[in-house]
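Here is query_12.txt, consisting of compact mmCIF, C-alpha atoms:
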# COMPACT_ATOMS: atom_id res chain seq x y z
CA MET X 1 -26.40 11.41 12.90
CA LEU X 2 -24.54 14.04 14.91
CA THR X 3 -22.18 11.43 16.33
CA ALA X 4 -21.34 10.29 12.77
CA VAL X 5 -20.67 13.89 11.74
CA ALA X 6 -18.45 14.35 14.79
CA PHE X 7 -16.61 11.09 14.15
CA LEU X 8 -15.98 11.62 10.42
CA THR X 9 -15.39 15.37 10.36
CA VAL X 10 -13.98 18.18 12.48
CA VAL X 11 -17.51 19.42 13.20
CA GLY X 12 -18.88 18.61 16.65
CA ARG X 13 -15.81 16.81 17.93
CA GLY X 14 -16.18 15.52 21.48
CA ARG X 15 -19.36 13.52 20.95
CA THR X 16 -19.07 9.88 21.96
CA PRO X 17 -19.87 7.41 19.14
CA ASP X 18 -22.43 4.70 19.82
CA GLY X 19 -24.11 1.76 18.12
CA HIS X 20 -26.14 4.02 15.83
CA THR X 21 -23.17 5.96 14.49
CA PHE X 22 -22.29 3.53 11.69
CA LYS X 23 -25.83 3.75 10.30
CA TRP X 24 -25.27 7.37 9.36
CA PHE X 25 -21.86 6.92 7.77
CA PRO X 26 -23.20 6.72 4.16
CA VAL X 27 -25.25 9.90 4.62
CA VAL X 28 -22.37 11.83 6.17
CA GLY X 29 -20.05 10.52 3.45
CA ALA X 30 -22.45 11.83 0.79
CA GLY X 31 -22.52 15.17 2.59
CA ILE X 32 -18.73 15.42 2.61
CA GLY X 33 -18.72 14.49 -1.08
CA ALA X 34 -21.30 17.21 -1.81
CA LEU X 35 -19.16 19.79 -0.04
CA LEU X 36 -16.09 18.72 -2.00
CA ALA X 37 -18.09 18.76 -5.23
CA GLY X 38 -18.99 22.39 -4.56
CA VAL X 39 -15.36 23.23 -3.83
CA TRP X 40 -14.30 21.40 -7.01
CA TRP X 41 -16.79 23.32 -9.13
CA ALA X 42 -15.83 26.71 -7.67
CA ALA X 43 -12.09 26.04 -7.84
CA SER X 44 -12.36 24.80 -11.43
CA GLU X 45 -14.02 28.08 -12.41
CA LEU X 46 -11.09 30.05 -11.05
CA TRP X 47 -8.00 27.92 -11.56
CA SER X 48 -6.47 25.16 -13.64
CA PRO X 49 -7.58 21.52 -13.13
CA ALA X 50 -4.30 20.76 -11.34
CA LEU X 51 -4.73 23.54 -8.78
CA ALA X 52 -8.45 22.85 -8.38
CA ALA X 53 -7.67 19.19 -7.68
CA ALA X 54 -5.07 20.18 -5.08
CA ILE X 55 -7.63 22.41 -3.35
CA VAL X 56 -10.15 19.55 -3.23
CA VAL X 57 -7.58 17.17 -1.72
CA ALA X 58 -6.59 19.78 0.87
CA THR X 59 -10.23 20.54 1.70
CA ASP X 60 -10.96 16.85 2.22
CA LEU X 61 -8.05 16.57 4.64
CA ALA X 62 -9.19 19.68 6.50
CA VAL X 63 -12.84 18.61 6.76
CA THR X 64 -12.00 15.10 7.98
CA GLY X 65 -9.30 16.29 10.35
CA LEU X 66 -6.84 13.90 8.66
CA ILE X 67 -8.38 11.00 10.60
CA HIS X 68 -8.38 8.69 7.58
CA LEU X 69 -4.88 9.75 6.57
CA ASP X 70 -3.69 8.88 10.07
CA GLY X 71 -5.30 5.46 9.66
CA LEU X 72 -3.54 4.97 6.35
CA ALA X 73 -0.19 5.91 7.87
CA ASP X 74 -0.63 3.62 10.88
CA SER X 75 -1.84 0.77 8.67
CA ALA X 76 1.19 1.10 6.42
CA ASP X 77 3.56 1.02 9.38
CA GLY X 78 1.76 -1.90 11.00
CA LEU X 79 0.84 -4.12 8.06
CA LEU X 80 3.77 -3.81 5.67
CA PRO X 81 6.89 -4.56 7.81
CA HIS X 82 7.93 -8.08 8.80
CA LEU X 83 6.60 -8.20 12.38
CA ASP X 84 4.60 -10.57 14.54
CA ARG X 85 0.93 -9.83 15.15
CA GLU X 86 1.28 -8.27 18.60
CA ARG X 87 4.11 -6.04 17.45
CA ARG X 88 2.03 -4.89 14.48
CA LEU X 89 -0.82 -3.86 16.78
CA ARG X 90 1.58 -1.99 19.07
CA VAL X 91 3.17 -0.16 16.15
CA MET X 92 -0.25 0.93 14.87
CA ARG X 93 -0.98 2.55 18.24
CA GLN X 94 2.22 4.58 18.34
CA PRO X 95 1.84 8.28 17.42
CA ASP X 96 5.05 8.50 15.41
CA VAL X 97 5.34 7.84 11.67
CA GLY X 98 7.65 5.22 10.18
CA ALA X 99 9.29 4.70 6.82
CA PHE X 100 6.40 2.70 5.39
CA ALA X 101 3.93 5.49 6.13
CA LEU X 102 6.31 8.04 4.63
CA GLY X 103 6.27 6.00 1.44
CA VAL X 104 2.56 5.13 1.22
CA VAL X 105 0.91 8.39 2.28
CA PRO X 106 2.52 10.69 -0.32
CA VAL X 107 1.84 8.16 -3.08
CA VAL X 108 -1.87 7.93 -2.21
CA LEU X 109 -2.22 11.72 -1.96
CA LEU X 110 -0.42 12.14 -5.29
CA LEU X 111 -2.70 9.58 -6.93
CA ARG X 112 -5.80 11.35 -5.58
CA TRP X 113 -4.59 14.69 -6.86
CA ALA X 114 -3.62 13.34 -10.28
CA ALA X 115 -6.87 11.42 -10.70
CA LEU X 116 -8.97 14.46 -9.82
CA ALA X 117 -6.95 16.67 -12.16
CA ASP X 118 -7.34 14.20 -15.04
CA ALA X 119 -11.04 13.67 -14.37
CA ALA X 120 -11.83 17.38 -14.12
CA GLY X 121 -12.84 17.67 -17.75
CA THR X 122 -15.19 14.70 -17.80
CA ALA X 123 -16.41 13.75 -14.31
CA THR X 124 -19.49 15.45 -12.85
CA ASP X 125 -20.00 16.78 -9.37
CA LEU X 126 -22.18 13.75 -8.63
CA SER X 127 -19.12 11.51 -8.81
CA LEU X 128 -17.63 12.83 -5.57
CA ILE X 129 -20.94 12.46 -3.75
CA ALA X 130 -21.30 8.84 -4.88
CA ILE X 131 -17.67 7.86 -4.20
CA TRP X 132 -17.51 9.46 -0.76
CA CYS X 133 -20.83 7.86 0.16
CA ALA X 134 -19.56 4.48 -1.05
CA SER X 135 -16.30 4.69 0.94
CA ARG X 136 -18.16 5.34 4.20
CA THR X 137 -20.66 2.62 3.33
CA LEU X 138 -17.83 0.12 3.04
CA VAL X 139 -16.45 1.19 6.41
CA ALA X 140 -19.87 0.73 8.01
CA THR X 141 -20.35 -2.70 6.43
CA ILE X 142 -16.98 -4.39 6.89
CA PRO X 143 -17.20 -4.69 10.72
CA ALA X 144 -20.31 -6.86 10.30
CA LEU X 145 -18.37 -9.29 8.10
CA VAL X 146 -14.82 -9.34 9.50
CA PRO X 147 -13.63 -9.81 13.11
CA TYR X 148 -12.16 -6.93 15.09
CA ALA X 149 -8.46 -7.48 15.71
CA ARG X 150 -8.35 -5.76 19.11
CA SER X 151 -10.13 -6.38 22.37
CA GLU X 152 -10.71 -2.64 22.71
CA GLY X 153 -10.04 0.46 20.68
CA LEU X 154 -11.52 3.51 18.95
CA ALA X 155 -13.95 1.45 16.86
CA THR X 156 -15.28 -0.60 19.78
CA ALA X 157 -18.13 1.77 20.63
CA LEU X 158 -19.46 1.66 17.07
CA LEU X 159 -19.40 -2.07 16.38
CA GLY X 160 -22.99 -2.80 17.38
CA GLY X 161 -24.28 -0.62 14.55
CA ALA X 162 -22.42 -2.36 11.75
CA SER X 163 -24.66 -4.30 9.39
CA PRO X 164 -24.22 -6.02 6.02
CA TRP X 165 -27.52 -4.39 5.02
CA LEU X 166 -25.79 -1.02 5.04
CA GLY X 167 -23.98 -2.28 1.96
CA LEU X 168 -27.19 -1.64 0.01
CA TRP X 169 -26.12 2.00 -0.09
CA LEU X 170 -23.55 0.93 -2.66
CA LEU X 171 -26.34 0.29 -5.18
CA PRO X 172 -27.52 3.90 -5.62
CA CYS X 173 -23.89 5.00 -5.61
CA ALA X 174 -23.07 2.60 -8.42
CA VAL X 175 -26.20 3.44 -10.42
CA GLY X 176 -25.64 7.17 -10.03
CA LEU X 177 -22.07 6.90 -11.26
CA ALA X 178 -23.04 4.67 -14.17
CA VAL X 179 -25.71 7.13 -15.30
CA SER X 180 -23.55 10.23 -14.90
CA GLU X 181 -20.14 8.90 -15.97
CA GLY X 182 -20.92 6.09 -18.40
CA ALA X 183 -18.66 3.05 -18.68
CA ALA X 184 -16.03 4.34 -16.25
CA GLY X 185 -18.69 5.16 -13.71
CA ALA X 186 -20.21 1.71 -14.04
CA VAL X 187 -17.02 0.03 -12.84
CA ALA X 188 -15.77 2.67 -10.39
CA ILE X 189 -17.70 1.36 -7.36
CA PRO X 190 -16.89 -2.32 -8.08
CA VAL X 191 -13.22 -1.36 -8.30
CA ALA X 192 -13.49 0.53 -5.00
CA VAL X 193 -15.08 -2.55 -3.40
CA ALA X 194 -12.32 -4.78 -4.80
CA ALA X 195 -9.61 -2.45 -3.49
CA SER X 196 -11.24 -2.42 -0.06
CA ALA X 197 -11.51 -6.21 -0.07
CA ALA X 198 -7.81 -6.48 -0.84
CA VAL X 199 -6.95 -4.28 2.15
CA VAL X 200 -9.31 -6.24 4.41
CA LEU X 201 -7.91 -9.60 3.34
CA PHE X 202 -4.36 -8.36 3.86
CA ALA X 203 -5.25 -7.03 7.32
CA ARG X 204 -6.97 -10.26 8.24
CA HIS X 205 -3.90 -12.23 7.16
CA ARG X 206 -1.54 -9.99 9.13
CA LEU X 207 -3.71 -9.11 12.16
CA GLY X 208 -6.56 -11.62 12.21
CA GLY X 209 -9.08 -8.87 11.42
CA TYR X 210 -9.45 -5.14 11.01
CA THR X 211 -8.74 -2.16 13.27
CA GLY X 212 -9.95 1.43 13.25
CA ASP X 213 -6.77 2.37 11.39
CA VAL X 214 -7.51 -0.21 8.71
CA LEU X 215 -10.99 1.25 8.24
CA GLY X 216 -9.43 4.70 7.82
CA ALA X 217 -7.06 3.32 5.22
CA ILE X 218 -9.98 1.72 3.38
CA VAL X 219 -11.70 5.10 3.04
CA LEU X 220 -8.72 6.57 1.20
CA VAL X 221 -7.85 3.46 -0.79
CA SER X 222 -11.40 2.90 -2.05
CA GLU X 223 -11.88 6.56 -3.00
CA THR X 224 -8.54 6.74 -4.76
CA ALA X 225 -9.25 3.57 -6.71
CA ALA X 226 -12.63 4.90 -7.85
CA LEU X 227 -11.16 8.27 -8.82
CA ALA X 228 -8.44 6.54 -10.84
CA VAL X 229 -11.12 4.67 -12.79
CA LEU X 230 -12.95 7.92 -13.58
CA ALA X 231 -9.69 9.39 -14.86
CA LEU X 232 -9.31 6.66 -17.48
CA PRO X 233 -9.32 8.08 -21.03
CA SER X 234 -12.68 7.63 -22.71
Let me see the file written as structure tokens.
Amino acid sequence: MLTAVAFLTVVGRGRTPDGHTFKWFPVVGAGIGALLAGVWWAASELWSPALAAAIVVATDLAVTGLIHLDGLADSADGLLPHLDRERRLRVMRQPDVGAFALGVVPVVLLLRWAALADAAGTATDLSLIAIWCASRTLVATIPALVPYARSEGLATALLGGASPWLGLWLLPCAVGLAVSEGAAGAVAIPVAVAASAAVVLFARHRLGGYTGDVLGAIVLVSETAALAVLALPS
């Protein structure tokens, strides 16, 4: 579990991930969601929904060390331009940020902020726990179903722990959201899964599989999609 905490957050950095790390992703995701739920509750008591939502988004970035945001940026720069496969993989390894990342990253962050602000009056704290658990569950499940696009990379050490059975964590997430949020909650996790599938299929078409950056992008895309569903007017 400690390696999953170190991999997904800024706590305990320096630990080397192994084949068991993926198995703890859903639990760590739920823990991050619980922390953010507490921040959301406290911030909402003190400030407007808009400012409280901004604080939650900033806290999430701080707790995760922007690792998923970096994956989103690299995925945008590698997947969206017209390049051949090898060039895409090289671009995704470069530390600089291109025009596609500069377009995609602010839009996703803005959508997360707006969705949280709109959902503040109706969504419960449980929603963040379920959504953050679901996003990490997807990341731990996808490598068991889709080929890895590189011969080596950051995700290589974790691959042995990926399993389609980890996807069963999505069930309590979906049930919890349906019970707490009603109709919007009932479809939030399916929408998150669909959004993740779209990213995976696009990456497989462009790269032949996924990379660690693609998995990072999936975390943010799936969460944002679910949050947008919760923000729908009742």
Hey, which bits of range 184-229 of chain X sit within 12 Å of range 51-59 of chain X, and for each residue what's the closest pair of atoms and how far apart in Å (one decimal), counting all atoms listed in the file, rows by chain and increasing number, as CSV?
residue,atom,partner,partner_atom,distance
X:Leu220,CA,X:Val57,CA,11.1
X:Glu223,CA,X:Val57,CA,11.5
X:Thr224,CA,X:Val57,CA,10.9
X:Leu227,CA,X:Ala53,CA,11.5
CA of Gly121 in chain X to CA of Val105 in chain X, straight-line distance in Å
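CA of Gly121 in chain X lies at a distance of 26.0 Å from CA of Val105 in chain X.
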Can you tell me how far CA of Ser44 in chain X sits from CA of Trp113 in chain X, in Å to one decimal?
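Here the two named atoms are 13.5 Å from each other.
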Would you please work out which residue, of X:Leu35, X:Ala123, X:Val28, X:Ile189, is nearest to Leu232 in chain X when using all atoms listed in the file?
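Selected residue with least distance to Leu232 in chain X: X:Ala123.
Here the question is which of X:Gly71, X:Gly209, X:Pro190, X:Gly98 gets nearest to Ile131 in chain X using all atoms listed in the file, and that residue is X:Pro190.
Minimum atom-to-atom distance to Val221 in chain X, evaluated using all atoms listed in the file, belongs to X:Val199 out of X:Ala149, X:Ile129, X:Ala73, X:Val199.
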Show which residues sit within 12 Å of Ala119 in chain X, as a VMD selection string. Count only C-alpha atoms, and ignore same-chain residues fewer than 6 positions away.
chain X and resid 40 44 49 to 50 52 to 53 111 to 113 125 127 to 128 181 184 to 185 226 to 234
With distances taken over only C-alpha atoms, which of X:Phe202, X:Trp169, X:Phe100, X:Tyr210 is nearest to Tyr148 in chain X?
X:Tyr210
